[in-house]
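Asker: Dropping in final35.tsv, with TSV, C-alpha atoms.
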chain	number	residue	atom	x	y	z
A	13	MET	CA	16.16	-9.69	-0.38
A	14	GLU	CA	19.50	-8.59	-1.84
A	15	ARG	CA	22.10	-7.83	0.83
A	16	LYS	CA	22.68	-4.13	1.40
A	17	PRO	CA	26.16	-2.62	1.28
A	18	ALA	CA	27.70	-1.97	4.68
A	19	TRP	CA	27.30	1.82	4.35
A	20	LEU	CA	23.52	1.59	4.17
A	21	LYS	CA	22.99	1.10	7.91
A	22	VAL	CA	20.97	3.64	9.84
A	23	GLY	CA	20.08	4.15	13.49
A	24	TYR	CA	16.46	3.92	14.58
A	25	ASN	CA	15.16	4.77	18.02
A	26	PRO	CA	11.51	3.67	18.26
A	27	GLY	CA	10.75	6.06	21.13
A	28	ALA	CA	12.13	9.13	19.37
A	29	VAL	CA	10.37	8.31	16.11
A	30	GLY	CA	7.11	7.65	17.95
A	31	GLU	CA	7.31	11.01	19.74
A	32	ILE	CA	7.54	13.02	16.50
A	33	ALA	CA	4.99	10.84	14.74
A	34	GLN	CA	2.54	11.51	17.57
A	35	LEU	CA	3.07	15.28	17.31
A	36	MET	CA	2.41	15.18	13.57
A	37	ASP	CA	-0.72	13.08	14.06
A	38	GLU	CA	-2.02	15.47	16.73
A	39	LEU	CA	-1.66	18.38	14.29
A	40	ASN	CA	-2.97	16.41	11.31
A	41	LEU	CA	0.34	16.85	9.48
A	42	ASN	CA	2.28	14.64	7.10
A	43	THR	CA	6.04	14.38	6.82
A	44	VAL	CA	7.90	13.26	3.75
A	45	CYS	CA	10.12	11.39	6.20
A	46	ARG	CA	7.31	8.93	6.86
A	47	GLU	CA	5.39	9.01	3.58
A	48	ALA	CA	8.49	8.56	1.42
A	49	ASN	CA	9.96	6.00	3.80
A	50	CYS	CA	13.10	8.07	4.26
A	51	PRO	CA	16.05	6.08	5.59
A	52	ASN	CA	17.15	9.02	7.75
A	53	ILE	CA	13.93	9.22	9.75
A	54	GLY	CA	15.55	7.69	12.83
A	55	GLU	CA	18.40	10.21	12.89
A	56	CYS	CA	16.29	13.25	12.00
A	57	TYR	CA	13.39	12.53	14.33
A	58	GLN	CA	15.82	11.86	17.15
A	59	LYS	CA	17.32	15.32	16.50
A	60	HIS	CA	13.79	16.77	16.48
A	61	THR	CA	13.91	17.69	12.81
A	62	ALA	CA	11.39	16.72	10.17
A	63	THR	CA	10.35	17.77	6.69
A	64	PHE	CA	6.71	18.74	6.45
A	65	MET	CA	4.79	17.44	3.46
A	66	ILE	CA	1.82	19.73	2.80
A	67	LEU	CA	-1.20	19.53	0.50
A	68	GLY	CA	-2.07	15.96	1.49
A	69	SER	CA	-0.39	12.58	1.36
A	70	ARG	CA	-1.49	11.53	-2.14
A	71	CYS	CA	0.23	12.74	-5.28
A	72	THR	CA	-1.20	13.40	-8.74
A	73	ARG	CA	2.00	12.13	-10.36
A	74	ASN	CA	3.42	8.65	-10.38
A	75	CYS	CA	7.19	9.03	-10.43
A	76	ARG	CA	8.80	5.62	-10.60
A	77	PHE	CA	11.35	6.27	-7.86
A	78	CYS	CA	9.05	7.69	-5.21
A	79	ASN	CA	7.22	5.97	-2.37
A	80	VAL	CA	4.51	8.63	-2.01
A	81	ARG	CA	1.20	7.19	-3.16
A	82	CYS	CA	-0.31	8.36	-6.44
A	83	ASP	CA	-4.07	8.54	-6.00
A	84	ALA	CA	-7.02	10.93	-5.91
A	85	PRO	CA	-5.68	13.91	-3.94
A	86	ASP	CA	-6.87	14.98	-0.50
A	87	ALA	CA	-8.84	18.18	0.16
A	88	VAL	CA	-6.50	21.05	1.09
A	89	ASP	CA	-6.55	21.61	4.87
A	90	PRO	CA	-6.99	25.35	5.57
A	91	ASP	CA	-5.55	24.85	9.05
A	92	GLU	CA	-2.35	23.34	7.71
A	93	PRO	CA	-0.27	26.56	7.60
A	94	ALA	CA	-1.00	27.28	11.26
A	95	ASN	CA	-0.41	23.65	12.22
A	96	VAL	CA	2.95	23.50	10.43
A	97	ALA	CA	3.98	26.69	12.22
A	98	ALA	CA	2.82	25.25	15.55
A	99	ALA	CA	4.83	22.08	14.99
A	100	ALA	CA	7.91	24.09	13.96
A	101	LYS	CA	7.60	26.03	17.20
A	102	ARG	CA	7.14	22.95	19.37
A	103	LEU	CA	10.14	21.30	17.72
A	104	LYS	CA	12.13	24.54	18.14
A	105	LEU	CA	13.24	24.28	14.51
A	106	ARG	CA	16.02	26.64	13.48
A	107	HIS	CA	15.40	25.66	9.87
A	108	ALA	CA	12.04	24.43	8.61
A	109	VAL	CA	11.81	22.44	5.39
A	110	VAL	CA	8.45	22.25	3.65
A	111	THR	CA	7.68	20.10	0.65
A	112	SER	CA	4.47	18.82	-0.91
A	113	VAL	CA	2.93	16.25	-3.12
A	114	THR	CA	2.41	17.47	-6.69
A	115	ARG	CA	-1.10	18.89	-7.13
A	116	ASP	CA	-1.72	19.13	-10.85
A	117	ASP	CA	-5.46	19.18	-9.98
A	118	LEU	CA	-5.27	22.63	-8.33
A	119	PRO	CA	-5.30	25.73	-10.57
A	120	ASP	CA	-2.16	27.14	-8.92
A	121	GLY	CA	-0.64	23.75	-8.08
A	122	GLY	CA	-0.92	24.65	-4.39
A	123	ALA	CA	1.40	27.69	-4.66
A	124	ALA	CA	-0.79	29.96	-2.52
A	125	HIS	CA	-0.89	27.29	0.16
A	126	PHE	CA	2.91	27.05	0.10
A	127	ALA	CA	3.09	30.83	0.52
A	128	ALA	CA	0.64	30.70	3.42
A	129	VAL	CA	2.77	28.06	5.15
A	130	ILE	CA	5.95	30.13	4.71
A	131	ARG	CA	4.24	33.22	6.14
A	132	ALA	CA	2.75	31.28	9.05
A	133	ILE	CA	6.19	29.95	10.01
A	134	ARG	CA	7.68	33.44	9.72
A	135	GLU	CA	5.01	34.85	12.00
A	136	THR	CA	5.17	32.10	14.63
A	137	CYS	CA	8.92	31.41	14.53
A	138	PRO	CA	10.65	34.69	13.56
A	139	GLY	CA	14.19	33.34	13.87
A	140	THR	CA	13.60	30.21	11.82
A	141	THR	CA	14.90	29.99	8.26
A	142	VAL	CA	12.49	28.43	5.76
A	143	GLU	CA	13.29	26.12	2.88
A	144	VAL	CA	10.71	24.97	0.37
A	145	LEU	CA	11.08	21.97	-1.90
A	146	VAL	CA	8.48	22.55	-4.57
A	147	PRO	CA	7.02	20.67	-7.53
A	148	ASP	CA	7.40	22.22	-10.99
A	149	PHE	CA	3.90	23.82	-10.93
A	150	GLY	CA	3.76	22.86	-14.61
A	151	GLY	CA	6.27	25.65	-15.16
A	152	ASP	CA	3.62	28.28	-14.40
A	153	GLU	CA	5.42	31.53	-13.54
A	154	ARG	CA	2.53	33.02	-11.58
A	155	SER	CA	2.53	30.01	-9.27
A	156	LEU	CA	6.29	30.20	-8.87
A	157	LEU	CA	6.06	33.93	-8.10
A	158	ALA	CA	3.39	33.29	-5.48
A	159	VAL	CA	5.87	31.07	-3.62
A	160	LEU	CA	8.86	33.35	-4.20
A	161	ASP	CA	6.95	36.43	-3.01
A	162	ALA	CA	6.68	34.79	0.40
A	163	GLU	CA	10.50	34.99	0.49
A	164	PRO	CA	11.72	31.51	1.40
A	165	ASP	CA	15.38	31.48	2.42
A	166	VAL	CA	15.96	28.48	0.16
A	167	PHE	CA	13.99	27.59	-2.96
A	168	ASN	CA	14.57	23.94	-3.80
A	169	HIS	CA	13.31	22.06	-6.82
A	170	ASN	CA	14.80	18.67	-7.57
A	171	VAL	CA	15.81	17.61	-11.05
A	172	GLU	CA	15.98	14.09	-9.57
A	173	THR	CA	17.84	12.40	-12.44
A	174	VAL	CA	19.73	12.95	-15.69
A	175	GLU	CA	17.84	14.02	-18.80
A	176	ALA	CA	18.10	10.64	-20.54
A	177	LEU	CA	16.23	8.87	-17.73
A	178	TYR	CA	13.25	11.23	-17.42
A	179	SER	CA	10.88	9.10	-19.51
A	180	LEU	CA	11.67	6.11	-17.30
A	181	VAL	CA	11.87	7.80	-13.90
A	182	ARG	CA	9.74	10.98	-14.12
A	183	PRO	CA	7.38	10.36	-17.04
A	184	GLN	CA	5.09	13.28	-16.15
A	185	ALA	CA	7.92	15.79	-15.74
A	186	ARG	CA	10.38	17.39	-18.14
A	187	TYR	CA	14.07	18.00	-17.56
A	188	GLN	CA	14.11	21.35	-19.34
A	189	ARG	CA	11.06	22.54	-17.42
A	190	SER	CA	12.73	21.74	-14.10
A	191	LEU	CA	15.80	23.69	-15.19
A	192	GLU	CA	13.57	26.59	-16.19
A	193	VAL	CA	11.92	26.53	-12.75
A	194	LEU	CA	15.33	26.88	-11.10
A	195	ALA	CA	16.42	29.62	-13.50
A	196	PHE	CA	13.19	31.55	-13.01
A	197	ALA	CA	13.50	31.37	-9.21
A	198	LYS	CA	17.02	32.80	-9.34
A	199	ARG	CA	16.05	35.57	-11.77
A	200	ALA	CA	12.95	36.52	-9.80
A	201	ARG	CA	14.69	36.54	-6.43
A	202	PRO	CA	18.47	36.62	-6.81
A	203	GLN	CA	19.02	37.22	-3.10
A	204	GLY	CA	17.44	33.85	-2.24
A	205	LEU	CA	19.36	30.60	-2.39
A	206	THR	CA	18.32	28.02	-4.96
A	207	LYS	CA	18.93	24.34	-4.59
A	208	THR	CA	18.42	21.08	-6.43
A	209	GLY	CA	19.23	17.42	-6.07
A	210	PHE	CA	19.52	14.20	-7.97
A	211	MET	CA	19.86	10.49	-7.34
A	212	VAL	CA	22.48	8.08	-8.57
A	213	GLY	CA	21.90	4.38	-9.09
A	214	LEU	CA	19.20	4.57	-11.75
A	215	GLY	CA	21.49	3.81	-14.70
A	216	GLU	CA	23.05	7.21	-15.37
A	217	THR	CA	26.62	7.55	-16.61
A	218	ASP	CA	29.32	9.81	-15.18
A	219	ALA	CA	29.23	11.87	-18.39
A	220	GLN	CA	25.48	12.41	-17.96
A	221	ILE	CA	26.03	13.42	-14.33
A	222	ALA	CA	28.65	15.99	-15.38
A	223	GLN	CA	26.23	17.35	-18.00
A	224	LEU	CA	23.46	17.63	-15.38
A	225	MET	CA	25.79	19.62	-13.12
A	226	ASP	CA	26.63	21.99	-15.99
A	227	ASP	CA	22.96	22.42	-16.91
A	228	VAL	CA	21.96	23.14	-13.32
A	229	LEU	CA	24.84	25.56	-12.76
A	230	LYS	CA	23.70	27.60	-15.75
A	231	THR	CA	20.45	28.32	-13.87
A	232	GLY	CA	22.48	30.04	-11.13
A	233	CYS	CA	21.80	27.27	-8.63
A	234	ASP	CA	23.69	27.53	-5.33
A	235	ILE	CA	23.24	24.19	-3.54
A	236	LEU	CA	23.35	20.63	-4.84
A	237	THR	CA	22.44	17.36	-3.10
A	238	ILE	CA	23.43	13.96	-4.45
A	239	GLY	CA	22.21	10.70	-2.92
A	240	GLN	CA	21.79	7.01	-3.63
A	241	TYR	CA	18.52	5.87	-5.22
A	242	LEU	CA	16.98	3.30	-2.91
A	243	ARG	CA	14.21	1.25	-4.43
A	244	PRO	CA	11.12	1.50	-2.22
A	245	SER	CA	9.60	-1.76	-3.51
A	246	ALA	CA	9.67	-4.23	-6.38
A	247	GLU	CA	7.05	-2.08	-8.13
A	248	HIS	CA	9.44	0.87	-8.41
A	249	ALA	CA	12.21	1.66	-10.90
A	250	GLU	CA	14.97	-0.92	-10.82
A	251	LEU	CA	18.19	-0.22	-9.00
A	252	ALA	CA	21.10	-0.19	-11.45
A	253	ARG	CA	23.92	0.05	-8.91
A	254	TYR	CA	25.00	1.07	-5.45
A	255	ALA	CA	27.50	3.91	-5.80
A	256	THR	CA	30.27	3.68	-3.21
A	257	PRO	CA	31.08	6.39	-0.65
A	258	GLY	CA	34.18	7.05	-2.79
A	259	ASP	CA	31.97	7.68	-5.83
A	260	PHE	CA	29.98	10.24	-3.84
A	261	GLU	CA	33.18	12.02	-2.79
A	262	ARG	CA	34.19	12.16	-6.44
A	263	TYR	CA	30.81	13.67	-7.42
A	264	ARG	CA	31.06	16.22	-4.61
A	265	ASP	CA	34.57	17.26	-5.65
A	266	LEU	CA	33.46	17.60	-9.26
A	267	ALA	CA	30.41	19.70	-8.33
A	268	LEU	CA	32.46	22.02	-6.11
A	269	GLN	CA	35.11	22.34	-8.79
A	270	LYS	CA	32.42	23.27	-11.31
A	271	GLY	CA	31.21	26.06	-9.03
A	272	PHE	CA	28.38	25.00	-6.71
A	273	ARG	CA	28.53	26.90	-3.43
A	274	TYR	CA	27.54	23.95	-1.25
A	275	VAL	CA	27.30	20.26	-2.09
A	276	ALA	CA	25.93	17.42	0.04
A	277	SER	CA	26.93	14.16	-1.59
A	278	ALA	CA	26.68	10.86	0.28
A	279	PRO	CA	24.82	7.58	-0.05
A	280	LEU	CA	22.12	8.69	2.38
A	281	ALA	CA	22.11	12.41	1.53
A	282	ARG	CA	18.57	13.56	0.78
A	283	SER	CA	17.18	16.96	-0.21
A	284	SER	CA	16.53	18.09	3.30
A	285	TYR	CA	19.11	16.05	5.18
A	286	ARG	CA	21.02	18.50	7.41
A	287	ALA	CA	19.66	21.26	5.18
A	288	HIS	CA	20.42	23.89	7.79
A	289	GLU	CA	24.15	23.27	7.39
A	290	ALA	CA	24.07	24.45	3.76
A	291	VAL	CA	22.43	27.76	4.66
A	292	GLN	CA	24.72	28.31	7.64
A	293	THR	CA	27.84	27.49	5.66
A	294	ILE	CA	27.01	29.81	2.75
A	295	ARG	CA	25.98	32.70	5.02
A	296	LYS	CA	29.00	32.25	7.28
A	297	GLU	CA	31.37	32.33	4.36
A	298	GLY	CA	29.51	35.41	3.11
A	299	LYS	CA	29.84	34.17	-0.40
B	3	MET	CA	9.81	-4.79	35.50
B	4	LYS	CA	9.67	-6.66	32.21
B	5	ARG	CA	9.30	-4.68	28.97
B	6	GLU	CA	8.67	-6.33	25.65
B	7	ILE	CA	10.76	-5.10	22.72
B	8	LEU	CA	8.56	-4.98	19.64
B	9	MET	CA	9.24	-5.14	15.91
B	10	PRO	CA	8.86	-1.48	14.89
B	11	LYS	CA	6.91	-0.26	11.89
B	12	LEU	CA	9.72	1.23	9.82
B	13	ARG	CA	7.59	2.25	6.87
B	14	PRO	CA	3.87	2.98	6.54
B	15	GLU	CA	3.01	-0.15	4.60
B	16	MET	CA	5.35	-2.51	6.48
B	17	GLU	CA	3.64	-5.64	7.86
B	18	LYS	CA	6.67	-7.79	8.69
B	19	GLY	CA	10.33	-7.11	9.27
B	20	LEU	CA	13.35	-9.29	8.52
B	21	LEU	CA	15.42	-9.48	11.69
B	22	CYS	CA	18.86	-9.88	10.17
B	23	ALA	CA	21.16	-9.60	13.21
B	24	TRP	CA	21.19	-9.47	17.00
B	25	ASN	CA	23.66	-7.09	18.62
B	26	ALA	CA	23.00	-8.31	22.17
B	27	GLN	CA	22.61	-11.72	23.77
B	28	PRO	CA	20.38	-12.90	26.64
B	29	GLY	CA	21.97	-11.82	29.90
B	30	ASP	CA	23.62	-8.73	28.40
B	31	ARG	CA	23.17	-5.39	30.13
B	32	VAL	CA	22.02	-2.79	27.62
B	33	GLN	CA	21.79	0.97	27.91
B	34	SER	CA	19.05	3.09	26.42
B	35	GLY	CA	20.32	3.98	22.92
B	36	ASP	CA	22.37	0.80	22.43
B	37	VAL	CA	21.67	-1.07	19.21
B	38	LEU	CA	19.71	-4.23	20.08
B	39	PHE	CA	19.04	-5.75	16.68
B	40	GLU	CA	18.99	-4.97	12.96
B	41	VAL	CA	16.07	-5.07	10.55
B	42	GLU	CA	16.49	-5.13	6.80
B	43	THR	CA	13.91	-3.37	4.63
B	44	ASP	CA	13.81	-2.68	0.90
B	45	LYS	CA	15.95	0.43	1.31
B	46	VAL	CA	18.38	0.00	4.21
B	47	VAL	CA	19.35	-1.92	7.32
B	48	SER	CA	17.92	-0.19	10.39
B	49	GLN	CA	19.75	-0.57	13.68
B	50	ILE	CA	17.03	-0.66	16.32
B	51	GLU	CA	18.01	1.01	19.57
B	52	ALA	CA	16.81	0.17	23.06
B	53	ASP	CA	14.43	2.71	24.59
B	54	PHE	CA	15.25	1.58	28.12
B	55	SER	CA	18.25	0.39	30.08
B	56	GLY	CA	18.17	-3.10	31.55
B	57	ILE	CA	19.10	-6.74	31.15
B	58	LEU	CA	18.11	-8.55	27.97
B	59	SER	CA	16.36	-11.49	29.58
B	60	GLN	CA	14.81	-13.27	26.63
B	61	VAL	CA	15.16	-13.32	22.86
B	62	LEU	CA	12.00	-14.38	21.03
B	63	ALA	CA	13.13	-14.25	17.39
B	64	GLU	CA	16.16	-15.64	15.61
B	65	GLU	CA	18.35	-13.99	13.00
B	66	GLY	CA	16.66	-14.55	9.63
B	67	ASP	CA	13.13	-14.58	11.08
B	68	GLU	CA	10.42	-12.43	9.56
B	69	VAL	CA	8.50	-10.91	12.45
B	70	ALA	CA	5.11	-9.18	12.27
B	71	VAL	CA	5.07	-5.46	13.08
B	72	GLY	CA	4.19	-5.00	16.73
B	73	ALA	CA	5.12	-8.58	17.72
B	74	PRO	CA	7.63	-8.99	20.56
B	75	VAL	CA	11.19	-9.93	19.58
B	76	ALA	CA	12.74	-9.77	23.05
B	77	VAL	CA	12.10	-9.09	26.72
B	78	LEU	CA	14.09	-6.54	28.68
B	79	GLU	CA	14.24	-6.60	32.48
B	80	VAL	CA	14.13	-2.86	33.09
B	81	GLU	CA	16.01	-1.43	36.04
B	82	GLN	CA	13.78	0.48	38.45
Translate the structure of the given file into structure tokens.
Answerer:
Amino acid sequence: MERKPAWLKVGYNPGAVGEIAQLMDELNLNTVCREANCPNIGECYQKHTATFMILGSRCTRNCRFCNVRCDAPDAVDPDEPANVAAAAKRLKLRHAVVTSVTRDDLPDGGAAHFAAVIRAIRETCPGTTVEVLVPDFGGDERSLLAVLDAEPDVFNHNVETVEALYSLVRPQARYQRSLEVLAFAKRARPQGLTKTGFMVGLGETDAQIAQLMDDVLKTGCDILTIGQYLRPSAEHAELARYATPGDFERYRDLALQKGFRYVASAPLARSSYRAHEAVQTIRKEGK
Amino acid sequence: MKREILMPKLRPEMEKGLLCAWNAQPGDRVQSGDVLFEVETDKVVSQIEADFSGILSQVLAEEGDEVAVGAPVAVLEVEQ
């Protein structure tokens, strides 16, 4: 195995991870932390935060960067909204992040289920802010509206990589469609925050990164996350490079200079890593 | 009381872990939360923390060993 750079070291407390994993198992819930083999699981679980992954653990798309299994999808669990809300309450979450596998097999892509989860959290945990990280729903506006009508505080949809790498990294997705999803969310609900993220280390150039930032900003997007691509296994897309912490500072400065309201850029930054900080910061500054 | 320290399952499909470094030696007193050893996976190096305070009485795996998930890598003499 190739040696990892010194900055890719993470803490892991087996007891803390086991405690959250047990809670999720009891409530028949999945987390993207576990299914996507997130490197931050030790830190986040120890802080009693987790990102719920709804609509099953198997995805109908086979993105080349992602560790979530592509296979025949699970049946949708009608108890899942209530169980997510129960877990959010037991974890005393101030900010709940909900994502899903992509469900191209469902007529609405799972949008109504997303909305049900948002409403269940609102009802059970009135003070908790809710962030959703959604698939592109095939660009279907009715599905997007179903989610937006449930009024998430943050609507996140990741572009994941620069346009030139889509055929390699996200063969079943389209760059322009993802941009349109972000633009539609902002138009439909301007008072909500929109957010996206991308990885570096897949072979993109700095010029392509700058173009991505410009394209995303044009959608009215508020929050940007930038993190290192970490290859889950030899079967996944090849790693082109490890960007240094200095590179990530440079990307953050560029994104802020271009006009994003909040940027999380670090080797181990992920979509939902310390997501609450972005909401707090923007609201505090009253921007 | 002796407690075995086990190789954790750091990812769902993990069967073995590469123990790449020890951060404590036999005879060392460790506190709950101290980093005991490091495991390298495809993505990162995970610093595995002790769940209990005690004396590290025995080390059962060397740096560079691949250890099965759930197998003991050390024994901790836990303080009562």
Asker: If you measure from CA of Ala33 in chain A to CA of Pro10 in chain B, what distance in Å do you get, rounded to one decimal?
Answerer: 12.9 Å
Asker: At what distance in Å, to one decimal, does CA of Ala100 in chain A lie from CA of Arg70 in chain A?
Answerer: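 Atom-to-atom, CA of Arg70 in chain A and CA of Ala100 in chain A are spaced 22.5 Å apart.
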Asker: Between B:Ile50, B:Leu21, B:Leu38, B:Met3, which one has atoms that come closest to chain A, using all atoms listed in the file?
Answerer: B:Ile50
Asker: Excluding Leu229 in chain A and its own-chain neighbours fewer than 6 positions away, which residues fall within 9 Å of it when counting all atoms listed in the file? Please give them as a PyMOL selection string.
Answerer: chain A and resi 270-272
Asker: Using all atoms listed in the file, find the one residue out of B:Ala63, B:Leu12, B:Ile57, B:Val47 that sits nearest to Asp30 in chain B.
Answerer: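 Selected residue with least distance to Asp30 in chain B: B:Ile57.
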